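Student: The structure under discussion is supplied below as structure tokens; questions concerning it will follow.
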Amino acid sequence: MSSHPDPAIELSSDPTRLPMSLPLLADKKRLGEPIVMVTAYDHPSGRAAELAGVDLVLVGDSAATTVLGHSSTTPVDLDEMLVLARAVRRAVKTPLLIGDLPFGSYEVSDEQAISTAIRMVKEAGCDAIKLEGGGPAAVSRARAIVGAGVPVMGHVGLTPQSSTALGGWKAQGRTAESAAKIAGEALALQGAGCFSIVFEAIPSAVTQELMPHMEVPVIGIGAGPGTDGQVLVFHDLLGIREGLGPRFVKRYANLLEEMVAGVGAFAQDVRERRYPGPEHGYKVAPEELEALRGRLG
């Protein structure tokens, strides 16, 4: 089975765009220019991100729930993440490509974390990695990976890999104590050398209080408008999923409905013998057809 690109579709990036780099990202924060980040899990989603001109692309462990059919992010393993990241890398040229370290691939030791991060860079072509959590172990892992020469993005607030320990998928930092804990984790990750930090599911007012203390770009998801940039999951923002999703999701399309309608129309055409039509077939010269008949007896 095959699928060929439509020659009428011109797929080309803006040749004047510079590839995103860590210095350029820092400049965007300094200049107050909003940073755009999306997730991607395969070549088509990476291509969409490239052509849309986003700044950062994350091959997130959310692939477990968006494309692999799991109910949480923890089942996805490193080999699966490498396959997905390689596909996205082939599509992404100008955004900075960040690979999520999946659960179980960095928690054991600094050495394990460095090994996993290096594989994401060498085997998948990622420019940087992301890891979750800001506790002492996560900070140690971040510092070790940065020391090995791989840029690290941190992640505090709601960290899906440890959602069970956090009491489920719910906002964090709603008490002074928990907000202070998030602040301490963010500052510790910043001190460990992270080039950027994701704030997830944190009250907007808490984010506003923390931002003056953040020297690196902060990317928000459900953390209000006060961060340096925003990220959404590809399947959430385009509606390639059932249900509404978290309250912070803004849906910009409803592609699942269109996908179901398209497949349904195809199925109906096949069952009613409307497809394929004459225009969808290939021709053969009459003399060749006659020769075939002779060979068939």
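Order determines the names: the first chain of the structure tokens is A, the second B, and so forth; residues in each chain are numbered 1 upward, and ligands are numbered 1 upward as they are shown.
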Within 10 Å of segment 151-163 of chain A, which residues of segment 48-83 of chain A show up? Give each one with its shortest atom-to-atom distance in Å (one decimal) and the two atoms involved, counting only C-alpha atoms, rows by chain then rising residue number, as a Markdown table.
Tutor:
```
| residue | atom | partner | partner_atom | distance |
| --- | --- | --- | --- | --- |
| A:Asp61 | CA | A:Gln161 | CA | 8.9 |
| A:Ser62 | CA | A:Pro160 | CA | 8.7 |
| A:Ser72 | CA | A:Pro160 | CA | 7.8 |
| A:Thr73 | CA | A:Gln161 | CA | 6.2 |
| A:Thr74 | CA | A:Gln161 | CA | 5.8 |
| A:Pro75 | CA | A:Gln161 | CA | 9.6 |
```
Student: Do a neighbour search on Ala137 of chain A at 12 Å with only C-alpha atoms, toss out local chain neighbours closer than 6 positions, and write the hits as a ChimeraX atom specification.
Tutor: /A:106-110,113,131,143-144,185,188-189,192
Student: With C-alpha atoms retained, could you export that selection as a PDB file, in the first residue's frame?
Tutor:
```
ATOM      1  CA  TYR A 106      16.262   8.666  33.983  1.00  0.00           C
ATOM      2  CA  GLU A 107      15.105   8.218  37.570  1.00  0.00           C
ATOM      3  CA  VAL A 108      17.537   5.488  38.652  1.00  0.00           C
ATOM      4  CA  SER A 109      20.776   7.486  38.540  1.00  0.00           C
ATOM      5  CA  ASP A 110      22.578  10.410  36.973  1.00  0.00           C
ATOM      6  CA  ALA A 113      19.829   9.948  32.808  1.00  0.00           C
ATOM      7  CA  LEU A 131      12.468  15.851  32.119  1.00  0.00           C
ATOM      8  CA  ARG A 143      22.555  19.118  36.359  1.00  0.00           C
ATOM      9  CA  ALA A 144      24.288  15.909  35.261  1.00  0.00           C
ATOM     10  CA  GLU A 185      11.663  23.455  42.322  1.00  0.00           C
ATOM     11  CA  ALA A 188      16.479  24.712  41.644  1.00  0.00           C
ATOM     12  CA  LEU A 189      16.089  23.591  38.020  1.00  0.00           C
ATOM     13  CA  ALA A 192      20.979  23.384  37.685  1.00  0.00           C
TER      14      ALA A 192
END
```
Student: From a DSSP calculation on the backbone, collect every residue of segment 140-253 of chain A in strand (DSSP E) and output the set as number ranges by chain.
Tutor: A: 152-157, 196-200, 218-221, 229-232
Student: Write out as a VMD selection string each polymer residue whose atoms come within 6 Å of segment 120-129 of chain A, counting only C-alpha atoms; drop sequence neighbours fewer than 2 positions from it.
Tutor: chain A and resid 82 85 to 86 97 to 100 117 to 118 151 to 152
Student: Excluding Phe248 of chain A and any residue of its chain fewer than 4 positions from it, enumerate the residues within 12 Å of it, using only C-alpha atoms, and give them as a VMD selection string.
Tutor: chain A and resid 170 to 171 200 to 204 220 to 225 230 to 233 236 to 237 244
Student: What would the file look like if the residues just selected were written as an mmCIF file, in the first residue's frame with N, CA and C atoms?
Tutor:
```cif
data_model
loop_
_atom_site.group_PDB
_atom_site.id
_atom_site.type_symbol
_atom_site.label_atom_id
_atom_site.label_comp_id
_atom_site.auth_asym_id
_atom_site.auth_seq_id
_atom_site.Cartn_x
_atom_site.Cartn_y
_atom_site.Cartn_z
ATOM 1 N N LYS A 170 -4.671 17.216 38.334
ATOM 2 C CA LYS A 170 -5.337 18.435 38.808
ATOM 3 C C LYS A 170 -4.302 19.527 39.021
ATOM 4 N N ALA A 171 -4.796 20.764 39.070
ATOM 5 C CA ALA A 171 -3.908 21.915 39.216
ATOM 6 C C ALA A 171 -3.097 21.823 40.496
ATOM 7 N N GLU A 200 3.073 23.758 34.330
ATOM 8 C CA GLU A 200 1.825 23.128 33.915
ATOM 9 C C GLU A 200 0.788 23.162 35.032
ATOM 10 N N ALA A 201 -0.430 23.590 34.667
ATOM 11 C CA ALA A 201 -1.593 23.562 35.570
ATOM 12 C C ALA A 201 -1.286 24.249 36.899
ATOM 13 N N ILE A 202 -0.889 25.498 36.808
ATOM 14 C CA ILE A 202 -0.595 26.322 37.979
ATOM 15 C C ILE A 202 -1.504 27.551 37.916
ATOM 16 N N PRO A 203 -2.114 27.974 39.022
ATOM 17 C CA PRO A 203 -2.967 29.160 38.989
ATOM 18 C C PRO A 203 -2.237 30.367 38.387
ATOM 19 N N SER A 204 -2.947 31.118 37.569
ATOM 20 C CA SER A 204 -2.341 32.256 36.876
ATOM 21 C C SER A 204 -1.688 33.232 37.839
ATOM 22 N N GLY A 220 4.252 28.020 29.411
ATOM 23 C CA GLY A 220 3.087 27.650 30.190
ATOM 24 C C GLY A 220 2.139 26.728 29.454
ATOM 25 N N ILE A 221 1.479 25.877 30.222
ATOM 26 C CA ILE A 221 0.357 25.085 29.724
ATOM 27 C C ILE A 221 -0.630 25.005 30.883
ATOM 28 N N GLY A 222 -1.664 25.808 30.791
ATOM 29 C CA GLY A 222 -2.587 25.917 31.912
ATOM 30 C C GLY A 222 -1.993 26.696 33.063
ATOM 31 N N ALA A 223 -1.081 27.629 32.763
ATOM 32 C CA ALA A 223 -0.443 28.429 33.811
ATOM 33 C C ALA A 223 -0.712 29.915 33.624
ATOM 34 N N GLY A 224 -1.683 30.244 32.770
ATOM 35 C CA GLY A 224 -2.045 31.638 32.580
ATOM 36 C C GLY A 224 -1.203 32.338 31.519
ATOM 37 N N PRO A 225 -1.510 33.625 31.277
ATOM 38 C CA PRO A 225 -0.850 34.376 30.204
ATOM 39 C C PRO A 225 0.473 35.005 30.597
ATOM 40 N N GLN A 230 3.729 29.655 25.334
ATOM 41 C CA GLN A 230 2.648 28.699 25.577
ATOM 42 C C GLN A 230 2.873 27.444 24.751
ATOM 43 N N VAL A 231 2.417 26.306 25.288
ATOM 44 C CA VAL A 231 2.469 25.043 24.566
ATOM 45 C C VAL A 231 1.111 24.365 24.664
ATOM 46 N N LEU A 232 0.706 23.705 23.609
ATOM 47 C CA LEU A 232 -0.456 22.831 23.629
ATOM 48 C C LEU A 232 -0.097 21.529 22.917
ATOM 49 N N VAL A 233 -0.804 20.483 23.303
ATOM 50 C CA VAL A 233 -0.640 19.185 22.657
ATOM 51 C C VAL A 233 -1.307 19.226 21.287
ATOM 52 N N ASP A 236 -4.787 17.963 21.016
ATOM 53 C CA ASP A 236 -5.752 18.784 21.746
ATOM 54 C C ASP A 236 -6.139 20.018 20.941
ATOM 55 N N LEU A 237 -5.154 20.739 20.452
ATOM 56 C CA LEU A 237 -5.465 22.009 19.790
ATOM 57 C C LEU A 237 -6.155 21.811 18.442
ATOM 58 N N LEU A 244 -13.397 16.885 25.661
ATOM 59 C CA LEU A 244 -12.943 18.271 25.640
ATOM 60 C C LEU A 244 -11.508 18.432 26.097
#
```
Student: I'd like the neighbourhood of segment 250-267 of chain A as a VMD selection string, where a residue qualifies if any of its atoms comes within 7 Å (using only C-alpha atoms), though same-chain residues fewer than 3 positions away should be ignored.
Tutor: chain A and resid 236 to 241 270 to 271
Student: When you look at Ala176 of chain A with a cut-off of 12 Å (counting only C-alpha atoms), what residues show up, excluding the ones that are within fewer than 5 positions of it in the same chain? I need them as a PyMOL selection string.
Tutor: chain A and resi 181-183+203+205-206+209
Student: Name all residues at most 7 Å from Tyr41 of chain A (count only C-alpha atoms; drop same-chain ones fewer than 2 positions away) and give them as an MDAnalysis selection string.
Tutor: chainID A and resid 39 45 59 63 84:85 88
Student: Could you save the residues just selected, with C-alpha atoms, as an mmCIF file, in the first residue's frame?
Tutor:
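Once written, selection_13.cif looks like this:
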```
data_model
loop_
_atom_site.group_PDB
_atom_site.id
_atom_site.type_symbol
_atom_site.label_atom_id
_atom_site.label_comp_id
_atom_site.auth_asym_id
_atom_site.auth_seq_id
_atom_site.Cartn_x
_atom_site.Cartn_y
_atom_site.Cartn_z
ATOM 1 C CA THR A 39 4.026 18.746 20.529
ATOM 2 C CA SER A 45 2.647 16.619 12.709
ATOM 3 C CA VAL A 59 8.203 15.076 21.111
ATOM 4 C CA ALA A 63 2.446 10.227 22.706
ATOM 5 C CA LEU A 84 8.711 8.991 17.145
ATOM 6 C CA ALA A 85 11.454 11.578 17.623
ATOM 7 C CA VAL A 88 9.643 14.329 13.738
#
```
Student: Per DSSP on the backbone, what are the helix (DSSP H, G or I) residues of segment 49-153 of chain A, as an MDAnalysis selection string?
Tutor: chainID A and resid 49:52 63:66 78:89 110:122 136:147
Student: Could you state the separation of atom CA of Glu215 of chain A and atom CA of Ile197 of chain A in Å, given to one decimal place?
Tutor: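 We find that atom CA of Glu215 of chain A and atom CA of Ile197 of chain A lie 10.2 Å from each other.
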Student: Figure out the distance between atom CA of Val57 of chain A and atom CA of Pro95 of chain A, please, to one decimal in Å.
Tutor: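 Straight-line distance from atom CA of Pro95 of chain A to atom CA of Val57 of chain A works out to 6.2 Å.
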Student: Calculated over only C-alpha atoms, which of the candidates A:Ile114, A:Val67, A:Gly60, A:Asp42 has the smallest distance to Ala91 of chain A?
Tutor: A:Asp42
Student: Select, from A:Gln172, A:Pro217, A:Val36, A:Gly184, the residue with the minimum atom-to-atom distance to Gly134 of chain A, counting only C-alpha atoms.
Tutor: A:Gly184
Student: Out of A:Ser71, A:Thr94, A:Thr207, A:Thr16, which residue has the shortest atom-to-atom distance to Gly173 of chain A when counting only C-alpha atoms?
Tutor: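 The answer is A:Thr207, which sits nearest to Gly173 of chain A.
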